[in-house]
Amino acid sequence: MISLAQPIPFYLLLLFSANLGLFLPPIRFLAALFLVFFLPGYVLVERYSLWKNPLFAVVGALGLSFLLSPFITLPGCIIFQKVNTFLLIVSLDLFVLGFIWSSKGKERKGYPEKNHSPLLFPLLMLICAWVFVYLDITKSGPYCDDWTYLFGIVKELSRNMPPHDPEASSLTLKYPWFFYFNYALIHRLGGNSLWKIFDLVPPMMGFIFLGLAYMIILQATKSKGAGLGAILFLALGRESAWILHGIQGLGWRPFVAYDSWLDLQIFSGFSLLWGGWYLLPSMVPFLFSWFFLIRYHQEQQPKDYWFSWGTCAAGCFFHPAYYLGFMLGFSCWLLFQWARKRFDPWLLLFYFAFFPYFLTFFFYTRPLTPSSPIYQFQFDKKSIIDALRHWGWHNGLVIFLAAWASIVSREARFWILPFALTFAFLLIFGRGGINHHSHVVFPGIIYLSLLGAVGLAAFRKSPFLLRILIITLVLTMITPPFVSQVAFRLKTSWVGFLEPEQKAAGEFIRATTDENSTFVIFPESKFSIDCIEGLGERKVVFGWQFHLDRYESLEKIHKRAREVIGFYKNSNPETQKDFVRKYRVDYIFLGPDEVTFIQKNGAEATLFAKNFRSVYKSQSVQILKIDDDHRL
Amino acid sequence: MMKIRLPKKKRLWIVLAITVPVICWSISEILPLIASALNRQGYQVVRREPSGLSGILTIRKKEALERKTVKDIRFPLTRTSDPRFDHDRFTLKLYGLLDVERAGFYWVGSESDDGSWIRLKGDKILDNGGLHSRETKMNLIHMDKGLQSIELRYENQMGEAYLDLFWVTPEGTRSPLPLLPNPWGRVSAGLLWTAFLFFKIAQYWVFFTLPLLLYPILFPVNKPNSNGSAA
């Protein structure tokens with residue numbers, strides 16, 4: 001008989017069930033999820049008794065698994081230079097078995113604490129279920145071309161180690177790909193299509209993200225109401241510009257782009273759907289770090305310190321730019337501490353949390369500095385006024401609440417204000433050249449929303465009528481933009497943006513070509529990301545430069561682009577053979593861009609194509625196969 | 001022998017949590033097999049007693065809807081080619097079979113005025129919908145060898161009516177879609193739809209109940225006592 005009180009048999013049963021499930025097709029995907037996204041974190045949570053609250057322990061187990069699994073499985077993959085099911089299972093099993101062994105002679109302690117709001121669990125389930133159902137119904141996924149590039153990265157990570165860049169097949173992938181490795185693990189172990197995995201990730205990450213936001217607020221302020229307010233702002237949004245425009249007589253339109261900050265509206269609430277696979281995983285390690293830091297400061301337990309430091313160090317692998325942002329907020333907080341003469345020198349170790357990343361991933365891949373600066377200060381009057389206007393108008397409602405929280409709540413002032421102030425400063429006094437919205441605006445929204453939630457909860461002691469009025473006002477302001485965005489996205493799904501030609505060619509590529517095939521396509525062709533890398537799940541010799549230029553020199557990128565252009569320019573079989581051999585090309589893509597280019601150079605596409613075997617032809621796309629005699 | 005003692009109060013839920021998805025998933029796997037068998041049966045019937053394509057025509061009149069079965073439908077279909085379709089507003093639903101001789105990628109398309117939609121084995125493969133003049137749309141589909149059930153919906157919302165179906169085989173030849181009548185088509189489509197519904201029930205059931213079921217076992221509120229139940 002297996003007793004729930006004895007950890008070793010119980011954990012062994014869980015591990016055995018997960019392993020067995022991987023061999024039973026109907027539950028293989030669930031078993032993979034359990035093994036990758038739950039068990040590693042769960043044994044850690046149980047071993048170190050990280051939480052006494054069961055719901056927080058669920059959030060912790062899921063989140064820590066997400067952080068740990070890439071680190072557990074990667075050494076084996078690197079040593080054997082491949083990613084396969086056996087290696088992944090053995091790595092994960094060994095990790096869990098190690099913890100099981102360390103539980104020898106111990107008993108499970110249970111989770112006696114119930115200090116969260118009774119609304120929390122139903123609310124989280126409701127939001128996650130909504131995201132899950134939404135993605136299932138619409139089949140739309142996120143809505144940008146970047147997504148398909150990331151799709152290509154996950155596909156590459158699930159088959160090759162070290163991975164190559166899907167946008168430039170012969171170069172090592174230098175994009176921060178650690179959290180994508182999680183999706184690759186599920187893809188490889190679960191056997192499901194990436195589309196299914198990307199459908200599931202947003203609700204799961206939404207659960208971890210919102211749960212963490214609640215835990216941080218509760219740990220810092222002990223206010224359950226503020227925690228629920230934080231979920232409200234982060235899940236629904238805090239868009240205020242539409243109502244300000246309405247008052248000015250410019251029309252009551254909740255989803256209208258008034259300015260270049262259109263994307264910002266996506267981050268209001270929709271981030272759970274849109275960014276569930278990118279923004280949330282980048283942010284989650286630092287939210288963990290922040291949570292453990294608060295608890296360490298309050299309870300002075302060394303394990304909290306090391307978990308805070310460890311999650312921060314792991315976060316560098318997930319996204320270094322988010323580490324920089326977190327450390328800026330942390331520095332501001334540390335400065336406040338120092339001013340209060342409450343300085344803990346151990347906290348300086350956080351500045352070295354990037355060392356593990358630097359000495360391994362960075363040292364191996366050596367990414368170059370992006371050609372555009374990550375962030376630039378802008379101190380001219382016009383830029384500052386513009387940025388201030390944007391920041392004020394989009395966050396208007398939350399800014400008032402945040403200011404109120406800073407006045408009435410000592411804990412909010414102590415813990416959240418330094419982070420919110422840092423990001424407000426960054427937003428107003430400069431801009432990022434690369435992914436400004438993801439790297440600066442999004443974290444800024446989180447810190448400001450948390451502060452605003454504390455302000456909202458502070459009204460709970462006010463008279464009943466005023467309290468109702470405030471809540472009604474908040475809901476009236478933030479609900480219509482969310483509903484509008486959902487309705488808009490339902491009408492214009494990402495898949496709907498794709499042309500039938502792209503879908504058809506992508507389907508052909510995925511179904512009939514070897515998964516390690518390399519395609520040559522004209523530089524900057526719209527077919528490279530969506531059709532070949534996204535739908536087709538294959539690599540290209542050179543595709544789109546606007547990811548590569550963040551880690552590679554422009555000189556190298558332009559040289560590669562010139563070579564590809566030269567390939568299409570030249571119909572000399574010998575020159576073509578040289579190119580094919582050099583980049584191990586398997587297929588040539590002849591789409592509208594390629595045909596136009598060939599014709600502009602005074603040649604005929606048919607003449608170009610006659611050297612190769614045509615395997616696919618539609619109205620404007622032709623795919624040519626390179627046979628072995630072309631390589632010799 | 002290892003035995004697991006389930007928490008007493010949870011036993012019913014545990015049994016339900018496991019049996020409901022297993023049953024629903026099994027049904028979702030079995031129904032397409034039955035649909036496929038029906039299609040084969042229908043094919044045999046058509047081979048024995050050849051007949052034309054038939055469909056359900058719904059004519060929308062000002063006062064009411066008039067629904068009737070029309071037989072021997074031929075493509076291209078226009079208001080003038082077949083007086084039964086000489087109406088301003090009507091919809092036509094048709095179930096047929098495709099006998100695919102070679103597995104591969106086929107372009108399947110329609111040219112219609114106004115909207116037309118095609119489903120292959122229950123999956124929508126072509127959406128040429130909307131209020132428009134004669135418009136051609138096609139999609140590349142991978143088809144296995146053998147019988148494939150096809151479901152066509154066509155609607156005329158005003159004025160001229162036109163519908164033609166075609167495919168381009170892997171050899172590159174374009175020809176009219178060789179649709180065969182399917183006497184069991186409606187039942188077969190219904191079975192496929194029901195299979196999809198059962199699959200969704202299983203999927204959602206697992207998504208919602210599994211976390212709720214595992215929660216008290218994995219995270220017991222108090223220290224689990226020695227007889228194995230979470231107090």
# chains A, B, ... in the order shown; residues from 1 in each chain; ligands from 1
>>> select_by_dssp(residues="segment 499-561 of chain A", states="alpha helix (DSSP H)", output="list in words")
Pro500, Glu501, Gln502, Lys503, Ala504, Ala505, Gly506, Glu507, Phe508, Ile509, Arg510, Ala511, Thr512, Lys526, Phe527, Gln545, Phe546, His547, Leu548, Leu554, Glu555, Lys556, Ile557, His558, Lys559, Arg560 and Ala561 of chain A
>>> residues_around(residues="Phe198 of chain B", least_positions_apart="6", cutoff="9 Å", atoms="only C-alpha atoms", output="PyMOL selection string")
chain B and resi 21+23-28
>>> closest_residue(among="B:Gly172, B:Pro216, B:Gly146, B:Gly52", to="Lys71 of chain B", atoms="only C-alpha atoms")
B:Gly52
>>> residues_around(residues="Thr136 of chain B", least_positions_apart="6", cutoff="9 Å", atoms="only C-alpha atoms", output="PyMOL selection string")
chain B and resi 109-112+128
>>> write_last_selection(atoms="N, CA and C atoms", output="mmCIF file, in the first residue's frame")
data_model
loop_
_atom_site.group_PDB
_atom_site.id
_atom_site.type_symbol
_atom_site.label_atom_id
_atom_site.label_comp_id
_atom_site.auth_asym_id
_atom_site.auth_seq_id
_atom_site.Cartn_x
_atom_site.Cartn_y
_atom_site.Cartn_z
ATOM 1 N N GLY B 109 -10.973 23.110 -55.280
ATOM 2 C CA GLY B 109 -11.467 24.477 -55.365
ATOM 3 C C GLY B 109 -12.906 24.572 -55.813
ATOM 4 N N SER B 110 -13.424 25.771 -55.672
ATOM 5 C CA SER B 110 -14.788 26.022 -56.142
ATOM 6 C C SER B 110 -14.816 27.377 -56.845
ATOM 7 N N GLU B 111 -15.721 27.456 -57.807
ATOM 8 C CA GLU B 111 -15.975 28.748 -58.454
ATOM 9 C C GLU B 111 -17.441 29.015 -58.189
ATOM 10 N N SER B 112 -17.716 30.057 -57.444
ATOM 11 C CA SER B 112 -19.123 30.215 -57.052
ATOM 12 C C SER B 112 -19.559 31.676 -56.988
ATOM 13 N N ASN B 128 -15.124 29.729 -49.500
ATOM 14 C CA ASN B 128 -15.299 30.689 -50.587
ATOM 15 C C ASN B 128 -16.593 31.467 -50.295
#
>>> residues_around(residues="Asp530 of chain A", least_positions_apart="3", cutoff="6 Å", atoms="only C-alpha atoms", output="MDAnalysis selection string")
chainID A and resid 148 527 534
>>> residues_around(residues="Ser618 of chain A", least_positions_apart="3", cutoff="12 Å", atoms="only C-alpha atoms", output="NGL selection string")
(:A and (500-506 or 508 or 589-592 or 614-615 or 621-623)) or (:B and (105-107 or 138-140 or 168 or 170 or 172))
>>> write_last_selection(atoms="N, CA and C atoms", output="compact mmCIF listing (two decimals), in the first residue's frame")
# COMPACT_ATOMS: atom_id res chain seq x y z
N PRO A 500 -3.66 32.26 -49.03
CA PRO A 500 -3.80 30.82 -49.29
C PRO A 500 -2.54 30.21 -49.89
N GLU A 501 -1.84 31.00 -50.71
CA GLU A 501 -0.61 30.51 -51.34
C GLU A 501 0.43 30.13 -50.27
N GLN A 502 0.52 30.98 -49.24
CA GLN A 502 1.49 30.73 -48.17
C GLN A 502 1.10 29.49 -47.39
N LYS A 503 -0.19 29.40 -47.10
CA LYS A 503 -0.66 28.25 -46.32
C LYS A 503 -0.40 26.95 -47.08
N ALA A 504 -0.73 26.98 -48.37
CA ALA A 504 -0.60 25.76 -49.17
C ALA A 504 0.86 25.34 -49.29
N ALA A 505 1.74 26.30 -49.60
CA ALA A 505 3.16 25.96 -49.75
C ALA A 505 3.72 25.50 -48.41
N GLY A 506 3.34 26.16 -47.33
CA GLY A 506 3.80 25.78 -45.99
C GLY A 506 3.37 24.38 -45.64
N PHE A 508 2.70 22.01 -47.71
CA PHE A 508 3.47 21.08 -48.55
C PHE A 508 4.86 20.85 -47.96
N PHE A 589 13.43 28.08 -53.20
CA PHE A 589 12.09 28.66 -53.20
C PHE A 589 12.01 29.72 -54.30
N LEU A 590 11.05 29.57 -55.18
CA LEU A 590 10.85 30.57 -56.24
C LEU A 590 9.47 31.18 -56.06
N GLY A 591 9.42 32.26 -55.35
CA GLY A 591 8.15 32.95 -55.13
C GLY A 591 8.09 34.22 -55.95
N PRO A 592 7.12 35.07 -55.68
CA PRO A 592 6.99 36.30 -56.48
C PRO A 592 8.23 37.19 -56.42
N SER A 614 11.49 20.31 -60.16
CA SER A 614 10.39 21.01 -59.52
C SER A 614 9.54 19.99 -58.73
N VAL A 615 9.29 20.29 -57.45
CA VAL A 615 8.48 19.36 -56.65
C VAL A 615 7.15 19.98 -56.25
N VAL A 621 4.11 30.26 -56.65
CA VAL A 621 5.22 29.66 -55.89
C VAL A 621 5.66 28.37 -56.56
N GLN A 622 6.98 28.24 -56.66
CA GLN A 622 7.52 26.99 -57.14
C GLN A 622 8.63 26.56 -56.19
N ILE A 623 8.68 25.28 -55.86
CA ILE A 623 9.74 24.77 -54.99
C ILE A 623 10.56 23.77 -55.78
N PHE B 105 -0.94 15.44 -52.70
CA PHE B 105 -1.48 16.79 -52.53
C PHE B 105 -2.39 17.13 -53.70
N TYR B 106 -3.60 17.53 -53.38
CA TYR B 106 -4.58 17.91 -54.40
C TYR B 106 -5.03 19.35 -54.12
N TRP B 107 -5.16 20.11 -55.18
CA TRP B 107 -5.82 21.41 -55.03
C TRP B 107 -7.32 21.16 -55.20
N MET B 138 -9.20 28.09 -54.16
CA MET B 138 -8.80 26.69 -54.02
C MET B 138 -7.79 26.55 -52.91
N ASN B 139 -7.65 25.34 -52.43
CA ASN B 139 -6.73 25.06 -51.33
C ASN B 139 -6.00 23.76 -51.58
N LEU B 140 -4.78 23.71 -51.10
CA LEU B 140 -3.98 22.49 -51.27
C LEU B 140 -4.25 21.55 -50.09
N VAL B 168 -7.23 19.76 -58.76
CA VAL B 168 -6.02 19.60 -59.56
C VAL B 168 -5.25 18.46 -58.90
N PRO B 170 -2.24 15.50 -58.28
CA PRO B 170 -0.78 15.66 -58.14
C PRO B 170 -0.05 15.69 -59.48
N GLY B 172 -1.03 17.41 -61.90
CA GLY B 172 -1.17 18.77 -62.41
C GLY B 172 -2.35 18.97 -63.34
>>> closest_residue(among="B:Arg89, B:Ser54, B:Val20, B:Glu171", to="Phe75 of chain B", atoms="only C-alpha atoms")
B:Ser54
